[in-house]
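Visitor: Pasting a structure here, questions to come.
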Amino acid sequence: MNLFLNERCIRLSEHKPSAEKKHSLVAAFESKRQIAGLYRQFENDAGIPELLIWSGNEYDKLCRKFISLFTRIDAAGGLVVNEEGSLLFIYRFEYWDLPKGKIETRKNETAPDAAIREVKEETGLRSVIITGALPATWHIYRHKEKTILKCTHWFKMQADSSQILQPQEEEGILSIKWIRRQDLATILPETYTSLRELIQSGDQH
């Protein structure tokens, strides 16, 4: 399981790494208190590029304990593909991103419904169809003195490129663009690290 704090990665793994990366923080899972301390050390030292905690046969317990350290928020979004195979990106906060937003849990909204709603709201698309599920991404950030862990549920979608695109400016979206598959390499350096693997895996299917 990979989680991201800004552009730095936290890896939770069953297996002890065969070789430790230079300057990374690596430890075997012992307790919730221990991993809370490791996270604080990682959070406070930007010079540590990666935190890796391995668990042996207690992987599920490690994941549960780590997630329980944070206030969790669930979101949903879409990797939208058109009839020519191009992928839809939005530009906000100086990054090329994918449309996404919080799931309205108070309204009993499901992740697929939230993903479609958010894609439509942020891009102006009127017709979007889910064609499959993609791996979730996990991102940690601070908000109003709380440390939030956002789990974003992703779906691959199909939409006709003849539809008019309209960026949702109140959400900070400045531009929307269809990117051809052969041009993905030029845009990936300007996307979030947590999304690059998702985009590349979604592009394979």
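Chain labels A, B, ... are given in the sequence in which chains occur in the structure tokens; within each chain residues are numbered consecutively from 1, and ligands are likewise numbered from 1 in the order shown.
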Output as a PyMOL selection string all residues of chain A that backbone DSSP marks as alpha helix (DSSP H).

Guide: chain A and resi 32-44+59-67+111-123+184-187+193-202

Visitor: Compile the contact shell of Lys102 in chain A as number ranges by chain: residues with an atom at most 8 Å away, counting only C-alpha atoms, same-chain residues fewer than 2 positions apart removed.

Guide: A: 73-76, 100, 104, 114

Visitor: Residues within 12 Å of Asp97 in chain A, please, as JSON, numbers by chain. Count only C-alpha atoms; anything in the same chain fewer than 2 positions from it doesn't count.

Guide: {"A": [77, 78, 79, 80, 87, 88, 89, 90, 91, 92, 93, 94, 95, 99, 100, 101, 119, 122, 123, 172, 173, 174, 175, 176, 177, 178, 179, 187, 188, 189, 190, 191, 192, 193, 194, 195, 196, 198, 199]}

Visitor: Please extract the residues of range 18-191 of chain A with a backbone DSSP assignment of strand (DSSP E) and present them as number ranges by chain.

Guide: A: 25-28, 50-54, 71-81, 87-92, 95-97, 100-102, 129-143, 146-158, 173-179

Visitor: For a test of reading the model, state the distance in Å between CA of Glu84 in chain A and CA of Glu169 in chain A, rounded to one decimal.

Guide: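 If I compute the distance from CA of Glu84 in chain A to CA of Glu169 in chain A, I get 26.8 Å.
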
Visitor: What lies within 12 Å of Asn57 in chain A using only C-alpha atoms, ignoring chain neighbours under 6 positions off, as a PDB file with C-alpha atoms, in the first residue's frame?

Guide:
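Ended up saving to part-v1.pdb:
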ATOM      1  CA  SER A  13       4.579  -3.738   2.838  1.00  0.00           C
ATOM      2  CA  GLU A  14       4.474  -7.358   3.920  1.00  0.00           C
ATOM      3  CA  HIS A  15       8.094  -7.855   2.995  1.00  0.00           C
ATOM      4  CA  LYS A  16      11.350  -6.564   4.398  1.00  0.00           C
ATOM      5  CA  ALA A  28       9.472  -3.388  11.015  1.00  0.00           C
ATOM      6  CA  PHE A  29       5.931  -2.940  12.343  1.00  0.00           C
ATOM      7  CA  GLU A  30       5.587  -3.281  16.123  1.00  0.00           C
ATOM      8  CA  CYS A  63      -2.720  -1.045   7.290  1.00  0.00           C
TER       9      CYS A  63
END

Visitor: Excluding same-chain residues fewer than 3 positions from range 38-42 of chain A, what lies within 12 Å of it counting only C-alpha atoms, as a PyMOL selection string?

Guide: chain A and resi 3-6+8-12+23-35+45-53+66-67+69-70+140+147

Visitor: Select, from A:Val81, A:Leu125, A:Ile103, A:Leu98, the residue with the minimum atom-to-atom distance to Ile164 in chain A, counting only C-alpha atoms.

Guide: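 Closest residue, counting only C-alpha atoms: A:Leu125.
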
Visitor: Rank nothing, just name the residue among A:Gly85, A:Pro17, A:Pro167, A:Pro112 nearest to Asp183 in chain A, using only C-alpha atoms.

Guide: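 With only C-alpha atoms as the atom set, the closest residue is A:Gly85.
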
Visitor: With only C-alpha atoms as the atoms that count, which of A:Gly124, A:Trp154, A:Arg106, A:Ser86 lies nearest to Trp138 in chain A?

Guide: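 Closest to Trp138 in chain A, using only C-alpha atoms: A:Trp154.
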
Visitor: May I ask for the distance between CA of Phe155 in chain A and CA of Thr131 in chain A, given in Å to one decimal place?

Guide: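 Going from CA of Phe155 in chain A over to CA of Thr131 in chain A, I get 7.5 Å.
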